Amino acid sequence: MSNLINLWVDEPFPFLVIDNFLDQEEFHALTNELDMSERNLQTIFNSPLESKSIFTDTLSKDISKKLIKLMGSNDIKNIISQKTGSSEIISMGELKSFSGYSPYHITENNGFLGTHVDHSFVNEGKLRHIANTIYYASSKWDDSWGGQTIFYSRNGFIQKVSIDPIPNRLVFFIHTANSFHGVKNYFSNKNIERRTFYHDYYVSEK
């Protein structure tokens, strides 16, 4: 991937959007695989802050695993380093069992995620969390369904940016103590799940 530094947006915190991340044939193969795959539920979140489900990677099939590997690849880490300057980035895919997190999330009807900041470190503080990517893997999306990823002001109160969960879109954002984000309430009148693949990136604390 070529240098994308001029495509980063700096406010409310640095982020980058890439559409048509996979070629169309591969994207359709991915959605078909997700439709046919068994799922191994890891955790259900149902609280005033969030309503969603995340799944372990143990039953992921070939195309899903290829996507997860790509999201943790040097190509992706190099794009992040264009903004952070960090040269030795570690992806969650390189950590044992994703350091307890999951790369695959599903938001069903009436699901949402309130404003929050993700964890700051893993491995007992040895690795500092510096960036995220989100890949939208639903087969379809309509703007009346909601489900946008929201980026908030530095205090987490004011909505600044709304990113549509367009299928086959990849979003990068830099993680700091002020990178408040969430997901708008989602409701599909066709009962189509909002599917996302997610990746964290770290650097050594020292």
# chains A, B, ... in the order shown; residues from 1 in each chain; ligands from 1
>>> residues_around(residues="region 134-142 of chain A", least_positions_apart="2", cutoff="6 Å", atoms="only C-alpha atoms", output="list in words")
Thr31, Ser144, Trp145, Pro165, Pro167, Asn168, Arg169, Leu170, Val171, Arg194, Arg195, Thr196, Phe197 and Tyr198 of chain A
>>> select_by_dssp(residues="chain A", states="strand (DSSP E)", output="PDB file with N, CA, C and O atoms, in the first residue's frame")
ATOM      1  N   PHE A  15      -7.604   9.722  12.193  1.00  0.00           N
ATOM      2  CA  PHE A  15      -8.266   8.542  11.645  1.00  0.00           C
ATOM      3  C   PHE A  15      -8.151   8.539  10.127  1.00  0.00           C
ATOM      4  O   PHE A  15      -7.887   9.570   9.494  1.00  0.00           O
ATOM      5  N   LEU A  16      -8.337   7.365   9.562  1.00  0.00           N
ATOM      6  CA  LEU A  16      -8.193   7.147   8.124  1.00  0.00           C
ATOM      7  C   LEU A  16      -9.254   6.149   7.685  1.00  0.00           C
ATOM      8  O   LEU A  16      -9.496   5.158   8.378  1.00  0.00           O
ATOM      9  N   VAL A  17      -9.900   6.385   6.543  1.00  0.00           N
ATOM     10  CA  VAL A  17     -10.928   5.489   6.005  1.00  0.00           C
ATOM     11  C   VAL A  17     -10.488   4.998   4.626  1.00  0.00           C
ATOM     12  O   VAL A  17     -10.139   5.804   3.765  1.00  0.00           O
ATOM     13  N   ILE A  18     -10.499   3.672   4.433  1.00  0.00           N
ATOM     14  CA  ILE A  18     -10.196   3.071   3.142  1.00  0.00           C
ATOM     15  C   ILE A  18     -11.399   2.253   2.697  1.00  0.00           C
ATOM     16  O   ILE A  18     -11.799   1.311   3.384  1.00  0.00           O
ATOM     17  N   LEU A  41     -19.360 -18.297  20.667  1.00  0.00           N
ATOM     18  CA  LEU A  41     -19.577 -17.078  21.431  1.00  0.00           C
ATOM     19  C   LEU A  41     -18.563 -16.948  22.557  1.00  0.00           C
ATOM     20  O   LEU A  41     -18.341 -17.886  23.314  1.00  0.00           O
ATOM     21  N   GLN A  42     -17.955 -15.781  22.657  1.00  0.00           N
ATOM     22  CA  GLN A  42     -17.007 -15.517  23.744  1.00  0.00           C
ATOM     23  C   GLN A  42     -17.676 -14.724  24.853  1.00  0.00           C
ATOM     24  O   GLN A  42     -17.623 -15.100  26.016  1.00  0.00           O
ATOM     25  N   THR A  43     -18.328 -13.603  24.506  1.00  0.00           N
ATOM     26  CA  THR A  43     -18.941 -12.754  25.525  1.00  0.00           C
ATOM     27  C   THR A  43     -20.135 -12.017  24.935  1.00  0.00           C
ATOM     28  O   THR A  43     -20.095 -11.597  23.778  1.00  0.00           O
ATOM     29  N   ILE A  44     -21.173 -11.859  25.735  1.00  0.00           N
ATOM     30  CA  ILE A  44     -22.291 -10.993  25.393  1.00  0.00           C
ATOM     31  C   ILE A  44     -22.237  -9.777  26.316  1.00  0.00           C
ATOM     32  O   ILE A  44     -22.101  -9.919  27.540  1.00  0.00           O
ATOM     33  N   PHE A  45     -22.311  -8.589  25.733  1.00  0.00           N
ATOM     34  CA  PHE A  45     -22.368  -7.361  26.513  1.00  0.00           C
ATOM     35  C   PHE A  45     -23.779  -6.794  26.406  1.00  0.00           C
ATOM     36  O   PHE A  45     -24.272  -6.535  25.312  1.00  0.00           O
ATOM     37  N   ASN A  46     -24.439  -6.613  27.544  1.00  0.00           N
ATOM     38  CA  ASN A  46     -25.792  -6.070  27.551  1.00  0.00           C
ATOM     39  C   ASN A  46     -25.949  -5.209  28.795  1.00  0.00           C
ATOM     40  O   ASN A  46     -26.245  -5.702  29.881  1.00  0.00           O
ATOM     41  N   GLU A  50     -23.542  -0.703  26.464  1.00  0.00           N
ATOM     42  CA  GLU A  50     -23.361  -1.399  25.195  1.00  0.00           C
ATOM     43  C   GLU A  50     -24.250  -2.629  25.099  1.00  0.00           C
ATOM     44  O   GLU A  50     -24.659  -3.215  26.096  1.00  0.00           O
ATOM     45  N   SER A  51     -24.526  -3.006  23.844  1.00  0.00           N
ATOM     46  CA  SER A  51     -25.260  -4.232  23.542  1.00  0.00           C
ATOM     47  C   SER A  51     -24.654  -4.823  22.281  1.00  0.00           C
ATOM     48  O   SER A  51     -24.872  -4.324  21.174  1.00  0.00           O
ATOM     49  N   LYS A  52     -23.835  -5.884  22.444  1.00  0.00           N
ATOM     50  CA  LYS A  52     -23.186  -6.527  21.305  1.00  0.00           C
ATOM     51  C   LYS A  52     -22.662  -7.880  21.748  1.00  0.00           C
ATOM     52  O   LYS A  52     -22.656  -8.208  22.940  1.00  0.00           O
ATOM     53  N   SER A  53     -22.200  -8.686  20.773  1.00  0.00           N
ATOM     54  CA  SER A  53     -21.609  -9.993  21.050  1.00  0.00           C
ATOM     55  C   SER A  53     -20.257 -10.080  20.377  1.00  0.00           C
ATOM     56  O   SER A  53     -20.056  -9.546  19.286  1.00  0.00           O
ATOM     57  N   ILE A  54     -19.303 -10.753  21.018  1.00  0.00           N
ATOM     58  CA  ILE A  54     -18.012 -10.997  20.398  1.00  0.00           C
ATOM     59  C   ILE A  54     -17.755 -12.495  20.391  1.00  0.00           C
ATOM     60  O   ILE A  54     -18.270 -13.236  21.220  1.00  0.00           O
ATOM     61  N   PHE A  55     -16.950 -12.937  19.427  1.00  0.00           N
ATOM     62  CA  PHE A  55     -16.774 -14.359  19.173  1.00  0.00           C
ATOM     63  C   PHE A  55     -15.294 -14.706  19.122  1.00  0.00           C
ATOM     64  O   PHE A  55     -14.467 -13.915  18.666  1.00  0.00           O
ATOM     65  N   ILE A  90       3.345  -3.910  17.128  1.00  0.00           N
ATOM     66  CA  ILE A  90       2.929  -5.300  17.337  1.00  0.00           C
ATOM     67  C   ILE A  90       1.406  -5.357  17.230  1.00  0.00           C
ATOM     68  O   ILE A  90       0.710  -4.564  17.878  1.00  0.00           O
ATOM     69  N   SER A  91       0.886  -6.273  16.425  1.00  0.00           N
ATOM     70  CA  SER A  91      -0.568  -6.394  16.289  1.00  0.00           C
ATOM     71  C   SER A  91      -1.112  -7.396  17.299  1.00  0.00           C
ATOM     72  O   SER A  91      -0.385  -8.267  17.784  1.00  0.00           O
ATOM     73  N   TYR A 104     -13.572 -10.596  16.130  1.00  0.00           N
ATOM     74  CA  TYR A 104     -14.838 -10.632  15.405  1.00  0.00           C
ATOM     75  C   TYR A 104     -15.988 -10.242  16.326  1.00  0.00           C
ATOM     76  O   TYR A 104     -16.195 -10.857  17.367  1.00  0.00           O
ATOM     77  N   HIS A 105     -16.723  -9.195  15.928  1.00  0.00           N
ATOM     78  CA  HIS A 105     -17.817  -8.674  16.732  1.00  0.00           C
ATOM     79  C   HIS A 105     -19.105  -8.655  15.915  1.00  0.00           C
ATOM     80  O   HIS A 105     -19.072  -8.408  14.702  1.00  0.00           O
ATOM     81  N   ILE A 106     -20.237  -8.858  16.574  1.00  0.00           N
ATOM     82  CA  ILE A 106     -21.538  -8.767  15.926  1.00  0.00           C
ATOM     83  C   ILE A 106     -22.452  -7.856  16.751  1.00  0.00           C
ATOM     84  O   ILE A 106     -22.558  -8.014  17.963  1.00  0.00           O
ATOM     85  N   THR A 107     -23.071  -6.903  16.060  1.00  0.00           N
ATOM     86  CA  THR A 107     -24.107  -6.076  16.665  1.00  0.00           C
ATOM     87  C   THR A 107     -25.423  -6.461  16.016  1.00  0.00           C
ATOM     88  O   THR A 107     -25.609  -6.269  14.809  1.00  0.00           O
ATOM     89  N   GLY A 111     -28.679  -3.145  18.900  1.00  0.00           N
ATOM     90  CA  GLY A 111     -27.358  -3.078  19.514  1.00  0.00           C
ATOM     91  C   GLY A 111     -26.763  -1.684  19.398  1.00  0.00           C
ATOM     92  O   GLY A 111     -27.114  -0.904  18.515  1.00  0.00           O
ATOM     93  N   PHE A 112     -25.842  -1.371  20.300  1.00  0.00           N
ATOM     94  CA  PHE A 112     -25.195  -0.059  20.319  1.00  0.00           C
ATOM     95  C   PHE A 112     -23.948  -0.163  21.187  1.00  0.00           C
ATOM     96  O   PHE A 112     -23.725  -1.171  21.880  1.00  0.00           O
ATOM     97  N   LEU A 113     -23.149   0.883  21.185  1.00  0.00           N
ATOM     98  CA  LEU A 113     -21.972   0.964  22.047  1.00  0.00           C
ATOM     99  C   LEU A 113     -21.785   2.414  22.452  1.00  0.00           C
ATOM    100  O   LEU A 113     -21.586   3.285  21.594  1.00  0.00           O
ATOM    101  N   GLY A 114     -21.864   2.681  23.741  1.00  0.00           N
ATOM    102  CA  GLY A 114     -21.748   4.050  24.228  1.00  0.00           C
ATOM    103  C   GLY A 114     -20.330   4.587  24.127  1.00  0.00           C
ATOM    104  O   GLY A 114     -19.365   3.861  23.873  1.00  0.00           O
ATOM    105  N   THR A 115     -20.198   5.885  24.344  1.00  0.00           N
ATOM    106  CA  THR A 115     -18.894   6.541  24.260  1.00  0.00           C
ATOM    107  C   THR A 115     -17.923   5.957  25.285  1.00  0.00           C
ATOM    108  O   THR A 115     -18.264   5.776  26.462  1.00  0.00           O
ATOM    109  N   HIS A 116     -16.710   5.643  24.843  1.00  0.00           N
ATOM    110  CA  HIS A 116     -15.730   5.006  25.717  1.00  0.00           C
ATOM    111  C   HIS A 116     -14.338   5.130  25.097  1.00  0.00           C
ATOM    112  O   HIS A 116     -14.186   5.498  23.927  1.00  0.00           O
ATOM    113  N   PHE A 121      -3.320  -0.813  27.724  1.00  0.00           N
ATOM    114  CA  PHE A 121      -2.134  -1.666  27.609  1.00  0.00           C
ATOM    115  C   PHE A 121      -2.530  -3.121  27.764  1.00  0.00           C
ATOM    116  O   PHE A 121      -3.638  -3.450  28.190  1.00  0.00           O
ATOM    117  N   VAL A 122      -1.599  -4.015  27.386  1.00  0.00           N
ATOM    118  CA  VAL A 122      -1.725  -5.456  27.630  1.00  0.00           C
ATOM    119  C   VAL A 122      -0.386  -5.957  28.150  1.00  0.00           C
ATOM    120  O   VAL A 122       0.576  -5.195  28.277  1.00  0.00           O
ATOM    121  N   LEU A 127       3.084  -3.618  26.894  1.00  0.00           N
ATOM    122  CA  LEU A 127       2.733  -3.163  25.553  1.00  0.00           C
ATOM    123  C   LEU A 127       1.659  -2.089  25.641  1.00  0.00           C
ATOM    124  O   LEU A 127       0.592  -2.299  26.216  1.00  0.00           O
ATOM    125  N   ARG A 128       1.953  -0.943  25.062  1.00  0.00           N
ATOM    126  CA  ARG A 128       1.036   0.195  25.093  1.00  0.00           C
ATOM    127  C   ARG A 128       0.178   0.223  23.827  1.00  0.00           C
ATOM    128  O   ARG A 128       0.682   0.097  22.723  1.00  0.00           O
ATOM    129  N   HIS A 129      -1.120   0.374  24.010  1.00  0.00           N
ATOM    130  CA  HIS A 129      -2.095   0.397  22.914  1.00  0.00           C
ATOM    131  C   HIS A 129      -2.019   1.738  22.184  1.00  0.00           C
ATOM    132  O   HIS A 129      -2.237   2.783  22.784  1.00  0.00           O
ATOM    133  N   ILE A 130      -1.732   1.711  20.850  1.00  0.00           N
ATOM    134  CA  ILE A 130      -1.558   2.970  20.117  1.00  0.00           C
ATOM    135  C   ILE A 130      -2.519   3.154  18.949  1.00  0.00           C
ATOM    136  O   ILE A 130      -2.657   4.277  18.446  1.00  0.00           O
ATOM    137  N   ALA A 131      -3.187   2.083  18.483  1.00  0.00           N
ATOM    138  CA  ALA A 131      -4.043   2.243  17.304  1.00  0.00           C
ATOM    139  C   ALA A 131      -5.052   1.107  17.207  1.00  0.00           C
ATOM    140  O   ALA A 131      -4.887   0.057  17.830  1.00  0.00           O
ATOM    141  N   ASN A 132      -6.087   1.344  16.405  1.00  0.00           N
ATOM    142  CA  ASN A 132      -7.128   0.352  16.139  1.00  0.00           C
ATOM    143  C   ASN A 132      -7.449   0.339  14.648  1.00  0.00           C
ATOM    144  O   ASN A 132      -7.297   1.358  13.968  1.00  0.00           O
ATOM    145  N   THR A 133      -7.942  -0.798  14.165  1.00  0.00           N
ATOM    146  CA  THR A 133      -8.640  -0.833  12.886  1.00  0.00           C
ATOM    147  C   THR A 133      -9.972  -1.534  13.073  1.00  0.00           C
ATOM    148  O   THR A 133     -10.118  -2.417  13.926  1.00  0.00           O
ATOM    149  N   ILE A 134     -10.961  -1.123  12.269  1.00  0.00           N
ATOM    150  CA  ILE A 134     -12.286  -1.743  12.241  1.00  0.00           C
ATOM    151  C   ILE A 134     -12.617  -2.020  10.781  1.00  0.00           C
ATOM    152  O   ILE A 134     -12.549  -1.112   9.940  1.00  0.00           O
ATOM    153  N   TYR A 135     -12.986  -3.257  10.491  1.00  0.00           N
ATOM    154  CA  TYR A 135     -13.397  -3.632   9.136  1.00  0.00           C
ATOM    155  C   TYR A 135     -14.867  -4.017   9.159  1.00  0.00           C
ATOM    156  O   TYR A 135     -15.284  -4.871   9.944  1.00  0.00           O
ATOM    157  N   TYR A 136     -15.661  -3.399   8.286  1.00  0.00           N
ATOM    158  CA  TYR A 136     -17.097  -3.660   8.235  1.00  0.00           C
ATOM    159  C   TYR A 136     -17.372  -4.804   7.267  1.00  0.00           C
ATOM    160  O   TYR A 136     -17.104  -4.702   6.065  1.00  0.00           O
ATOM    161  N   THR A 149     -20.113   4.275  13.321  1.00  0.00           N
ATOM    162  CA  THR A 149     -19.064   4.458  14.322  1.00  0.00           C
ATOM    163  C   THR A 149     -18.948   5.951  14.591  1.00  0.00           C
ATOM    164  O   THR A 149     -18.785   6.742  13.656  1.00  0.00           O
ATOM    165  N   ILE A 150     -19.033   6.341  15.855  1.00  0.00           N
ATOM    166  CA  ILE A 150     -19.011   7.746  16.235  1.00  0.00           C
ATOM    167  C   ILE A 150     -17.697   8.071  16.938  1.00  0.00           C
ATOM    168  O   ILE A 150     -17.286   7.351  17.854  1.00  0.00           O
ATOM    169  N   PHE A 151     -17.047   9.136  16.500  1.00  0.00           N
ATOM    170  CA  PHE A 151     -15.884   9.676  17.187  1.00  0.00           C
ATOM    171  C   PHE A 151     -16.316  10.940  17.931  1.00  0.00           C
ATOM    172  O   PHE A 151     -16.992  11.807  17.363  1.00  0.00           O
ATOM    173  N   TYR A 152     -15.898  11.034  19.201  1.00  0.00           N
ATOM    174  CA  TYR A 152     -16.346  12.112  20.081  1.00  0.00           C
ATOM    175  C   TYR A 152     -15.221  13.101  20.396  1.00  0.00           C
ATOM    176  O   TYR A 152     -14.039  12.854  20.119  1.00  0.00           O
ATOM    177  N   GLN A 159     -20.469  14.587  19.882  1.00  0.00           N
ATOM    178  CA  GLN A 159     -20.214  13.829  18.658  1.00  0.00           C
ATOM    179  C   GLN A 159     -19.553  14.723  17.624  1.00  0.00           C
ATOM    180  O   GLN A 159     -20.050  15.793  17.305  1.00  0.00           O
ATOM    181  N   LYS A 160     -18.420  14.264  17.089  1.00  0.00           N
ATOM    182  CA  LYS A 160     -17.668  15.048  16.115  1.00  0.00           C
ATOM    183  C   LYS A 160     -17.688  14.437  14.713  1.00  0.00           C
ATOM    184  O   LYS A 160     -17.742  15.140  13.721  1.00  0.00           O
ATOM    185  N   VAL A 161     -17.594  13.117  14.625  1.00  0.00           N
ATOM    186  CA  VAL A 161     -17.498  12.441  13.330  1.00  0.00           C
ATOM    187  C   VAL A 161     -18.390  11.207  13.353  1.00  0.00           C
ATOM    188  O   VAL A 161     -18.429  10.479  14.345  1.00  0.00           O
ATOM    189  N   SER A 162     -19.100  10.968  12.260  1.00  0.00           N
ATOM    190  CA  SER A 162     -19.931   9.779  12.100  1.00  0.00           C
ATOM    191  C   SER A 162     -19.455   9.027  10.859  1.00  0.00           C
ATOM    192  O   SER A 162     -19.462   9.584   9.755  1.00  0.00           O
ATOM    193  N   ILE A 163     -19.030   7.773  11.051  1.00  0.00           N
ATOM    194  CA  ILE A 163     -18.510   6.967   9.947  1.00  0.00           C
ATOM    195  C   ILE A 163     -19.496   5.850   9.633  1.00  0.00           C
ATOM    196  O   ILE A 163     -19.790   5.001  10.488  1.00  0.00           O
ATOM    197  N   LEU A 170     -12.519  -0.204   5.657  1.00  0.00           N
ATOM    198  CA  LEU A 170     -11.564  -0.347   6.757  1.00  0.00           C
ATOM    199  C   LEU A 170     -11.281   1.025   7.352  1.00  0.00           C
ATOM    200  O   LEU A 170     -10.959   1.968   6.623  1.00  0.00           O
ATOM    201  N   VAL A 171     -11.399   1.130   8.671  1.00  0.00           N
ATOM    202  CA  VAL A 171     -11.165   2.380   9.383  1.00  0.00           C
ATOM    203  C   VAL A 171      -9.981   2.203  10.329  1.00  0.00           C
ATOM    204  O   VAL A 171      -9.911   1.221  11.074  1.00  0.00           O
ATOM    205  N   PHE A 172      -9.064   3.152  10.288  1.00  0.00           N
ATOM    206  CA  PHE A 172      -7.948   3.228  11.232  1.00  0.00           C
ATOM    207  C   PHE A 172      -8.217   4.383  12.185  1.00  0.00           C
ATOM    208  O   PHE A 172      -8.757   5.412  11.784  1.00  0.00           O
ATOM    209  N   PHE A 173      -7.827   4.239  13.458  1.00  0.00           N
ATOM    210  CA  PHE A 173      -7.730   5.430  14.301  1.00  0.00           C
ATOM    211  C   PHE A 173      -6.654   5.249  15.353  1.00  0.00           C
ATOM    212  O   PHE A 173      -6.369   4.136  15.791  1.00  0.00           O
ATOM    213  N   ILE A 174      -6.055   6.372  15.706  1.00  0.00           N
ATOM    214  CA  ILE A 174      -4.979   6.377  16.698  1.00  0.00           C
ATOM    215  C   ILE A 174      -5.596   6.374  18.092  1.00  0.00           C
ATOM    216  O   ILE A 174      -6.530   7.125  18.373  1.00  0.00           O
ATOM    217  N   HIS A 181     -14.978   6.888  21.458  1.00  0.00           N
ATOM    218  CA  HIS A 181     -15.720   6.428  20.291  1.00  0.00           C
ATOM    219  C   HIS A 181     -16.861   5.525  20.744  1.00  0.00           C
ATOM    220  O   HIS A 181     -16.928   5.107  21.901  1.00  0.00           O
ATOM    221  N   GLY A 182     -17.772   5.225  19.828  1.00  0.00           N
ATOM    222  CA  GLY A 182     -18.896   4.366  20.135  1.00  0.00           C
ATOM    223  C   GLY A 182     -19.608   3.970  18.857  1.00  0.00           C
ATOM    224  O   GLY A 182     -19.135   4.247  17.753  1.00  0.00           O
ATOM    225  N   VAL A 183     -20.749   3.302  18.997  1.00  0.00           N
ATOM    226  CA  VAL A 183     -21.545   2.851  17.855  1.00  0.00           C
ATOM    227  C   VAL A 183     -22.988   3.283  18.063  1.00  0.00           C
ATOM    228  O   VAL A 183     -23.593   3.003  19.102  1.00  0.00           O
ATOM    229  N   LYS A 184     -23.534   3.967  17.066  1.00  0.00           N
ATOM    230  CA  LYS A 184     -24.921   4.408  17.100  1.00  0.00           C
ATOM    231  C   LYS A 184     -25.853   3.198  17.079  1.00  0.00           C
ATOM    232  O   LYS A 184     -25.537   2.163  16.504  1.00  0.00           O
ATOM    233  N   ASN A 185     -27.019   3.344  17.694  1.00  0.00           N
ATOM    234  CA  ASN A 185     -28.005   2.264  17.714  1.00  0.00           C
ATOM    235  C   ASN A 185     -28.247   1.709  16.313  1.00  0.00           C
ATOM    236  O   ASN A 185     -28.396   2.460  15.356  1.00  0.00           O
ATOM    237  N   TYR A 186     -28.267   0.381  16.224  1.00  0.00           N
ATOM    238  CA  TYR A 186     -28.391  -0.308  14.938  1.00  0.00           C
ATOM    239  C   TYR A 186     -29.694  -1.092  14.888  1.00  0.00           C
ATOM    240  O   TYR A 186     -30.031  -1.826  15.823  1.00  0.00           O
ATOM    241  N   ARG A 194     -24.834  -6.475  11.974  1.00  0.00           N
ATOM    242  CA  ARG A 194     -23.703  -5.566  11.760  1.00  0.00           C
ATOM    243  C   ARG A 194     -22.457  -6.326  12.191  1.00  0.00           C
ATOM    244  O   ARG A 194     -22.218  -6.540  13.372  1.00  0.00           O
ATOM    245  N   ARG A 195     -21.647  -6.757  11.224  1.00  0.00           N
ATOM    246  CA  ARG A 195     -20.471  -7.579  11.489  1.00  0.00           C
ATOM    247  C   ARG A 195     -19.199  -6.746  11.332  1.00  0.00           C
ATOM    248  O   ARG A 195     -19.049  -6.018  10.356  1.00  0.00           O
ATOM    249  N   THR A 196     -18.301  -6.877  12.276  1.00  0.00           N
ATOM    250  CA  THR A 196     -17.032  -6.166  12.180  1.00  0.00           C
ATOM    251  C   THR A 196     -15.878  -7.068  12.593  1.00  0.00           C
ATOM    252  O   THR A 196     -16.012  -7.918  13.470  1.00  0.00           O
ATOM    253  N   PHE A 197     -14.746  -6.857  11.943  1.00  0.00           N
ATOM    254  CA  PHE A 197     -13.477  -7.415  12.385  1.00  0.00           C
ATOM    255  C   PHE A 197     -12.667  -6.265  12.970  1.00  0.00           C
ATOM    256  O   PHE A 197     -12.682  -5.153  12.442  1.00  0.00           O
ATOM    257  N   TYR A 198     -11.975  -6.581  14.039  1.00  0.00           N
ATOM    258  CA  TYR A 198     -11.360  -5.535  14.862  1.00  0.00           C
ATOM    259  C   TYR A 198      -9.914  -5.926  15.157  1.00  0.00           C
ATOM    260  O   TYR A 198      -9.610  -7.103  15.313  1.00  0.00           O
ATOM    261  N   HIS A 199      -9.035  -4.933  15.197  1.00  0.00           N
ATOM    262  CA  HIS A 199      -7.637  -5.212  15.514  1.00  0.00           C
ATOM    263  C   HIS A 199      -7.049  -4.077  16.339  1.00  0.00           C
ATOM    264  O   HIS A 199      -7.335  -2.897  16.079  1.00  0.00           O
ATOM    265  N   ASP A 200      -6.242  -4.431  17.337  1.00  0.00           N
ATOM    266  CA  ASP A 200      -5.470  -3.477  18.136  1.00  0.00           C
ATOM    267  C   ASP A 200      -4.006  -3.541  17.717  1.00  0.00           C
ATOM    268  O   ASP A 200      -3.522  -4.579  17.246  1.00  0.00           O
ATOM    269  N   TYR A 201      -3.288  -2.450  18.013  1.00  0.00           N
ATOM    270  CA  TYR A 201      -1.852  -2.375  17.694  1.00  0.00           C
ATOM    271  C   TYR A 201      -1.133  -1.754  18.888  1.00  0.00           C
ATOM    272  O   TYR A 201      -1.652  -0.835  19.543  1.00  0.00           O
ATOM    273  N   TYR A 202       0.066  -2.261  19.147  1.00  0.00           N
ATOM    274  CA  TYR A 202       0.805  -1.899  20.359  1.00  0.00           C
ATOM    275  C   TYR A 202       2.258  -1.577  20.040  1.00  0.00           C
ATOM    276  O   TYR A 202       2.796  -1.983  18.999  1.00  0.00           O
ATOM    277  N   VAL A 203       2.886  -0.848  20.963  1.00  0.00           N
ATOM    278  CA  VAL A 203       4.340  -0.701  20.965  1.00  0.00           C
ATOM    279  C   VAL A 203       4.834  -1.011  22.368  1.00  0.00           C
ATOM    280  O   VAL A 203       4.078  -0.944  23.341  1.00  0.00           O
ATOM    281  N   SER A 204       6.101  -1.337  22.466  1.00  0.00           N
ATOM    282  CA  SER A 204       6.700  -1.605  23.774  1.00  0.00           C
ATOM    283  C   SER A 204       6.606  -0.369  24.648  1.00  0.00           C
ATOM    284  O   SER A 204       6.870   0.753  24.195  1.00  0.00           O
TER     285      SER A 204
END
>>> atom_distance(atom1="CA of Leu30 (chain A)", atom2="CA of Ile68 (chain A)")
11.5 Å
>>> select_by_dssp(residues="region 2-162 of chain A", states="alpha helix (DSSP H)", output="PyMOL selection string")
chain A and resi 24-36+62-71+74-84
